[in-house]
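Visitor: This one is target10.cif, mmCIF, C-alpha atoms.
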data_query
#
loop_
_atom_site.label_atom_id
_atom_site.label_comp_id
_atom_site.auth_asym_id
_atom_site.auth_seq_id
_atom_site.Cartn_x
_atom_site.Cartn_y
_atom_site.Cartn_z
CA ALA A 1 141.47 39.27 112.60
CA LEU A 2 138.76 37.48 110.61
CA GLN A 3 137.18 36.13 113.80
CA GLY A 4 137.13 39.43 115.62
CA GLY A 5 140.70 39.97 116.73
CA HIS A 6 140.30 38.76 120.31
CA VAL A 7 140.10 35.38 122.00
CA ALA A 8 136.77 36.40 123.54
CA ALA A 9 135.15 36.70 120.11
CA GLY A 10 134.00 33.09 120.02
CA GLY A 11 130.70 33.97 118.40
CA MET A 12 132.54 34.89 115.22
CA GLN A 13 133.00 32.06 112.71
CA ALA A 14 130.76 29.80 114.79
CA ALA A 15 130.11 26.55 112.93
CA CYS A 16 127.26 24.08 112.76
CA PRO A 17 127.74 21.01 114.98
CA HIS A 18 129.47 18.09 113.28
CA ARG A 19 126.37 15.95 113.58
CA VAL A 20 124.43 18.50 111.52
CA PHE A 21 126.83 18.02 108.62
CA ASP A 22 126.60 14.26 109.01
CA VAL A 23 122.80 14.40 108.81
CA LEU A 24 122.90 16.70 105.79
CA ARG A 25 125.35 14.38 104.07
CA ARG A 26 123.21 11.32 104.73
CA ASP A 27 119.82 12.84 103.90
CA PHE A 28 120.75 15.30 101.13
CA GLY A 29 124.18 14.24 99.88
CA ALA A 30 125.95 17.39 101.14
CA THR A 31 129.73 17.23 100.76
CA PHE A 32 130.80 20.87 100.38
CA GLU A 33 130.76 23.97 102.62
CA LEU A 34 130.51 27.42 101.07
CA PHE A 35 131.76 29.53 104.01
CA ALA A 36 134.39 27.82 106.16
CA SER A 37 138.06 27.78 107.11
CA PRO A 38 140.70 25.16 107.93
CA LEU A 39 139.81 25.65 111.61
CA ASN A 40 136.10 24.89 111.39
CA SER A 41 135.43 22.93 108.19
CA ARG A 42 133.73 19.55 108.49
CA PHE A 43 134.03 18.47 104.86
CA SER A 44 137.34 18.15 103.05
CA ARG A 45 136.18 20.57 100.35
CA TYR A 46 135.02 24.07 101.17
CA CYS A 47 135.19 27.72 100.17
CA SER A 48 136.92 30.27 102.38
CA ALA A 49 137.76 33.96 102.62
CA ALA A 50 141.54 33.44 102.52
CA ALA A 51 141.98 31.04 99.64
CA ASP A 52 145.60 32.04 99.07
CA VAL A 53 146.67 30.46 102.36
CA ASP A 54 143.80 27.98 102.80
CA ALA A 55 144.25 26.16 99.47
CA ALA A 56 146.80 23.80 101.01
CA PHE A 57 144.13 22.73 103.51
CA GLY A 58 141.34 22.05 101.01
CA SER A 59 139.89 25.47 100.18
CA GLN A 60 138.44 25.77 96.69
CA GLY A 61 138.53 29.57 96.75
CA SER A 62 135.72 32.06 97.18
CA PHE A 63 132.10 30.95 96.91
CA PHE A 64 131.44 33.94 94.67
CA THR A 65 133.72 32.51 91.97
CA LEU A 66 132.46 28.92 92.29
CA LEU A 67 130.37 27.55 89.39
CA PRO A 68 128.64 24.38 90.61
CA LEU A 69 126.07 22.87 88.29
CA SER A 70 124.95 20.01 90.52
CA GLY A 71 125.41 18.71 94.06
CA THR A 72 124.42 19.80 97.56
CA PHE A 73 126.15 22.70 99.31
CA VAL A 74 125.92 23.95 102.90
CA ALA A 75 126.13 27.70 103.48
CA ASN A 76 126.64 29.09 106.98
CA PRO A 77 127.73 32.60 105.95
CA PRO A 78 128.97 35.44 108.15
CA PHE A 79 125.94 36.93 109.87
CA GLU A 80 126.21 40.19 107.96
CA PRO A 81 123.28 41.36 105.77
CA ALA A 82 125.33 42.63 102.81
CA THR A 83 127.23 39.35 102.52
CA ILE A 84 124.03 37.32 102.87
CA GLY A 85 122.33 39.44 100.21
CA ALA A 86 125.20 38.91 97.78
CA MET A 87 125.12 35.19 98.56
CA ALA A 88 121.37 35.05 97.87
CA ASP A 89 121.85 36.70 94.47
CA ARG A 90 124.58 34.23 93.58
CA ILE A 91 122.59 31.19 94.73
CA GLU A 92 119.60 32.21 92.60
CA GLN A 93 121.83 32.70 89.56
CA LEU A 94 123.29 29.22 90.00
CA LEU A 95 119.88 27.60 90.53
CA ASP A 96 118.50 29.28 87.42
CA ARG A 97 121.45 27.88 85.48
CA ALA A 98 120.88 24.41 86.97
CA ASP A 99 117.22 24.46 85.93
CA THR A 100 118.18 25.48 82.41
CA CYS A 101 120.57 22.52 82.26
CA GLN A 102 118.08 20.23 84.05
CA GLU A 103 120.55 19.45 86.84
CA GLU A 104 120.06 18.62 90.53
CA LEU A 105 121.44 21.46 92.67
CA THR A 106 120.66 22.16 96.33
CA PHE A 107 121.77 24.88 98.74
CA ILE A 108 121.13 24.56 102.47
CA VAL A 109 121.57 27.94 104.17
CA VAL A 110 121.95 28.36 107.94
CA LEU A 111 121.57 31.90 109.27
CA PRO A 112 119.77 33.95 111.94
CA ARG A 113 116.02 34.23 111.54
CA TRP A 114 115.76 37.83 110.35
CA PRO A 115 112.25 38.04 108.79
CA THR A 116 112.35 41.84 108.56
CA LEU A 117 115.60 42.01 106.58
CA PRO A 118 115.56 41.94 102.76
CA CYS A 119 118.41 39.41 102.58
CA TRP A 120 116.46 36.87 104.68
CA GLN A 121 113.25 37.57 102.79
CA GLN A 122 114.99 37.02 99.47
CA LEU A 123 116.08 33.54 100.51
CA ASP A 124 112.83 32.57 102.23
CA ARG A 125 110.61 33.83 99.38
CA SER A 126 112.84 32.73 96.52
CA ALA A 127 111.25 30.84 93.65
CA TRP A 128 113.68 28.03 94.51
CA SER A 129 112.94 27.93 98.25
CA THR A 130 111.40 24.56 99.12
CA HIS A 131 111.36 24.77 102.92
CA THR A 132 112.38 27.00 105.83
CA LEU A 133 113.06 25.30 109.14
CA THR A 134 113.06 27.42 112.32
CA LEU A 135 115.42 26.65 115.22
CA PRO A 136 114.21 28.35 118.44
CA ARG A 137 116.78 30.31 120.42
CA SER A 138 118.44 28.52 123.35
CA GLN A 139 117.23 25.19 121.95
CA HIS A 140 120.05 24.73 119.46
CA ALA A 141 123.80 25.21 119.55
CA TYR A 142 126.78 26.10 117.40
CA ILE A 143 130.42 25.12 117.73
CA ASP A 144 132.28 28.00 119.35
CA GLY A 145 134.24 30.04 116.83
CA GLY A 146 137.10 30.35 119.33
CA GLN A 147 137.47 26.61 119.88
CA GLN A 148 141.09 26.69 118.71
CA TYR A 149 142.05 28.76 121.76
CA CYS A 150 140.95 25.95 124.11
CA ARG A 151 139.78 28.54 126.60
CA ARG A 152 136.69 26.55 127.53
CA HIS A 153 136.12 22.95 128.51
CA VAL A 154 133.14 22.82 126.16
CA ALA A 155 133.22 23.68 122.48
CA ARG A 156 129.55 24.49 121.89
CA ARG A 157 127.44 27.49 122.80
CA LEU A 158 123.68 27.81 122.86
CA SER A 159 122.36 30.21 120.28
CA ASN A 160 121.06 33.53 121.62
CA HIS A 161 118.76 34.02 118.62
CA ASP A 162 116.33 32.04 116.48
CA SER A 163 117.99 30.51 113.45
CA SER A 164 116.68 29.47 110.05
CA VAL A 165 117.68 26.60 107.81
CA ILE A 166 116.50 27.50 104.32
CA PHE A 167 116.51 24.92 101.54
CA LEU A 168 116.83 26.18 97.97
CA GLN A 169 116.66 23.56 95.22
CA SER A 170 116.50 23.26 91.47
CA GLU A 171 113.37 21.62 90.11
CA ARG A 172 115.04 18.25 89.66
CA ALA A 173 116.70 18.33 93.08
CA ALA A 174 113.40 19.15 94.79
CA ALA A 175 111.72 16.21 93.08
CA ARG A 176 114.52 13.74 93.80
CA THR A 177 115.48 14.88 97.34
CA PRO A 178 112.45 16.45 99.03
CA VAL A 179 112.67 18.02 102.50
CA THR A 180 110.50 15.47 104.30
CA MET A 181 109.30 15.57 107.91
CA PRO A 182 111.63 12.75 109.05
CA LYS A 183 114.60 14.61 107.58
CA GLN A 184 113.54 17.79 109.35
CA ALA A 185 113.27 15.91 112.65
CA ARG A 186 116.77 14.45 112.29
CA LEU A 187 118.19 17.88 111.52
CA LEU A 188 116.50 19.48 114.53
CA ASP A 189 117.87 16.74 116.74
CA ALA A 190 121.38 17.22 115.33
CA PHE A 191 121.35 20.90 116.27
CA GLY A 192 120.44 20.02 119.86
CA MET A 193 122.36 18.20 122.57
CA THR A 194 126.04 17.35 122.24
CA THR A 195 126.81 13.79 121.19
CA ALA A 196 129.97 11.75 121.05
CA THR A 197 130.48 12.85 117.44
CA ASP A 198 130.91 16.49 118.47
CA PRO A 199 133.86 18.08 120.28
CA GLY A 200 133.33 19.09 123.88
CA VAL A 201 131.45 17.48 126.71
CA GLY A 202 128.45 19.75 126.93
CA VAL A 203 126.69 22.88 125.79
CA GLN A 204 127.28 26.20 127.49
CA PRO A 205 125.09 29.31 127.50
CA ASP A 206 126.12 32.22 125.32
CA VAL A 207 127.53 34.31 128.17
CA ARG A 208 129.96 37.15 127.53
CA PRO A 209 132.17 38.64 130.28
CA LYS A 210 131.07 42.12 131.35
CA THR A 211 134.66 43.31 131.68
CA MET A 212 137.84 42.18 130.04
CA PRO A 213 140.90 41.30 132.17
CA SER A 214 143.69 43.83 132.21
CA SER A 215 146.53 43.19 129.81
CA GLY A 216 148.89 42.49 132.71
CA LYS A 217 146.74 39.62 133.91
CA LYS A 218 146.07 37.97 130.59
CA ARG A 219 147.48 34.52 130.18
CA LYS A 220 149.72 34.11 127.19
CA LEU A 221 149.07 30.81 125.51
CA ALA A 222 150.88 29.14 122.67
CA VAL A 223 148.72 26.56 120.95
CA ALA A 224 150.48 23.72 119.20
CA PHE A 225 148.23 22.22 116.55
CA VAL A 226 148.51 18.56 115.59
CA LYS A 227 146.97 16.81 112.60
CA ASP A 228 143.90 15.81 114.52
CA ARG A 229 142.30 19.15 115.30
CA LYS A 230 140.37 17.61 118.16
CA LYS A 231 143.66 17.16 120.02
CA GLN A 232 145.43 20.38 120.88
CA GLN A 233 148.22 20.85 123.36
CA ILE A 234 148.35 24.08 125.33
CA VAL A 235 151.79 25.23 126.39
CA GLU A 236 151.77 28.09 128.89
CA THR A 237 154.57 30.59 128.43
#
Write the structure described by the file as structure tokens, please.
Guide:
Amino acid sequence: ALQGGHVAAGGMQAACPHRVFDVLRRDFGATFELFASPLNSRFSRYCSAAADVDAAFGSQGSFFTLLPLSGTFVANPPFEPATIGAMADRIEQLLDRADTCQEELTFIVVLPRWPTLPCWQQLDRSAWSTHTLTLPRSQHAYIDGGQQYCRRHVARRLSNHDSSVIFLQSERAAARTPVTMPKQARLLDAFGMTTATDPGVGVQPDVRPKTMPSSGKKRKLAVAFVKDRKKQQIVET
């Protein structure tokens, strides 16, 4: 239900490509995701919406109850303005606390480029915003949120909107880990073409079917998950 309630809702819970997380870990020390699930998390530690069942798989609970004082955190929240606005408020509270304690704290937020919405403006114009990187539509991709259904031979879809990567940093973090041009270039490249480090063999356009198949013609699939989430066996019933 959290991803939309239907196997066609692959745009829900779409994740950043694995290579993006690898670049953010190398260049900024990111090791924690603030909005993820056991199905799409890249790092072993993350926050999720269903902590009661996700804790066994590494979830640290809700982001809104997390109290980090230092470190680098990646936020790819649900693309919903109210949630993003609440996240922005929380991030600014935590950064203010980090500055008071003279700690290094960084948040890297990935979301649609919505310059007319207050939630986007709050992040982009924040006193702690150190850089906003724009990803042009159809020139970057996300991992399909419905990858676990194995309904496609590729796991990535081109974005149908411009995206923003907004960096928010405490004073000490900005001084120690600046958002340099080479780092920006590596991040842009990581959002682009599929590499061997990402699931799937290519990138597909964000195309939705105009009509849904009738219930009598739908294939019923049982997906058996194994430890390695990249290997899934489909058993047709």
Visitor: What is the distance, in Å and to one decimal place, between atom CA of A:Glu33 and atom CA of A:Leu188?
Guide: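 Computing the Euclidean distance for atom CA of A:Glu33 and atom CA of A:Leu188 yields 19.1 Å.
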Visitor: Return as a compact mmCIF listing (two decimals) with C-alpha atoms, keeping the file's coordinate frame the set of residues that the PyMOL selection byres ((chain A and resi 45) around 7) yields on the displayed structure.
Guide:
# COMPACT_ATOMS: atom_id res chain seq x y z
CA PHE A 32 130.80 20.87 100.38
CA GLU A 33 130.76 23.97 102.62
CA PHE A 43 134.03 18.47 104.86
CA SER A 44 137.34 18.15 103.05
CA TYR A 46 135.02 24.07 101.17
CA GLY A 58 141.34 22.05 101.01
CA SER A 59 139.89 25.47 100.18
CA GLN A 60 138.44 25.77 96.69
Visitor: In Å, with one decimal, what is the gap from atom CA of A:Val23 to atom CA of A:Cys101?
Guide: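 Pair atom CA of A:Val23 / atom CA of A:Cys101 returns 27.9 Å.
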Visitor: Going by the chain IDs and residue numbers used in this file, which residues fall under the PyMOL selection byres ((chain A and resi 102) around 10)? Write them as a PDB file with C-alpha atoms, keeping the file's coordinate frame.
Guide:
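Listed below is the output, selection.pdb:
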ATOM      1  CA  LEU A  69     126.070  22.870  88.290  1.00  0.00           C
ATOM      2  CA  SER A  70     124.950  20.010  90.520  1.00  0.00           C
ATOM      3  CA  LEU A  95     119.880  27.600  90.530  1.00  0.00           C
ATOM      4  CA  ASP A  96     118.500  29.280  87.420  1.00  0.00           C
ATOM      5  CA  ARG A  97     121.450  27.880  85.480  1.00  0.00           C
ATOM      6  CA  ALA A  98     120.880  24.410  86.970  1.00  0.00           C
ATOM      7  CA  ASP A  99     117.220  24.460  85.930  1.00  0.00           C
ATOM      8  CA  THR A 100     118.180  25.480  82.410  1.00  0.00           C
ATOM      9  CA  CYS A 101     120.570  22.520  82.260  1.00  0.00           C
ATOM     10  CA  GLU A 103     120.550  19.450  86.840  1.00  0.00           C
ATOM     11  CA  GLU A 104     120.060  18.620  90.530  1.00  0.00           C
ATOM     12  CA  LEU A 105     121.440  21.460  92.670  1.00  0.00           C
ATOM     13  CA  SER A 170     116.500  23.260  91.470  1.00  0.00           C
ATOM     14  CA  GLU A 171     113.370  21.620  90.110  1.00  0.00           C
ATOM     15  CA  ARG A 172     115.040  18.250  89.660  1.00  0.00           C
ATOM     16  CA  ALA A 173     116.700  18.330  93.080  1.00  0.00           C
TER      17      ALA A 173
END
Visitor: May I have the protein, DNA and RNA residues with an atom at most 12 Å from (120.5, 35.8, 94.7), counting only C-alpha atoms in the file's coordinates, returned as a ChimeraX atom specification?
Guide: /A:64,82-96,107,118-129,168
Visitor: Could you tell me which residues the PyMOL selection byres ((chain A and resi 176-185) around 8) grabs in this file, written as a list in words?
Guide: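 Going through the file, the PyMOL selection byres ((chain A and resi 176-185) around 8) ends up selecting Asp27, Phe28, Thr130, His131, Leu133, Phe167, Arg172, Ala173, Ala174, Ala175, Arg186, Leu187, Leu188 and Asp189 of chain A.
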Visitor: I need the residue nearest A:Ile166 from this list: A:Val110, A:Leu135, A:Leu117, A:Ile143. Use only C-alpha atoms for the distance.
Guide: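 Closest to A:Ile166 of all the choices is A:Val110.
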Visitor: Would you pick out the contacts of stretch 136-141 of chain A at 6 Å or less, using only C-alpha atoms, so that residues sharing its chain but fewer than 2 positions from it are not included, and give the list as a list in words?
Guide: Arg157, Leu158, Ser159, Asn160, His161, Asp162, Phe191 and Gly192 of chain A
Visitor: Between atom CA of A:Cys47 and atom CA of A:Thr132, what is the spacing in Å?
Guide: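 Interatomic distance here is 23.5 Å.
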Visitor: Measuring atom to atom with all atoms listed in the file, identify which of A:His18, A:Ser62, A:Thr116, A:Asp54 is nearest to A:Arg42.
Guide: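 The answer is A:His18, which sits nearest to A:Arg42.
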Visitor: Nearest residue to A:Pro78 out of A:Ala50, A:Ala190, A:Ala30, A:Leu111, using all atoms listed in the file?
Guide: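 For A:Pro78, the nearest of the candidates is A:Leu111.
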Visitor: Out of A:Pro17, A:Pro77, A:Gly29, A:Pro38, which residue has the shortest atom-to-atom distance to A:Phe57 when counting only C-alpha atoms?
Guide: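 Smallest separation from A:Phe57 among the options: A:Pro38.
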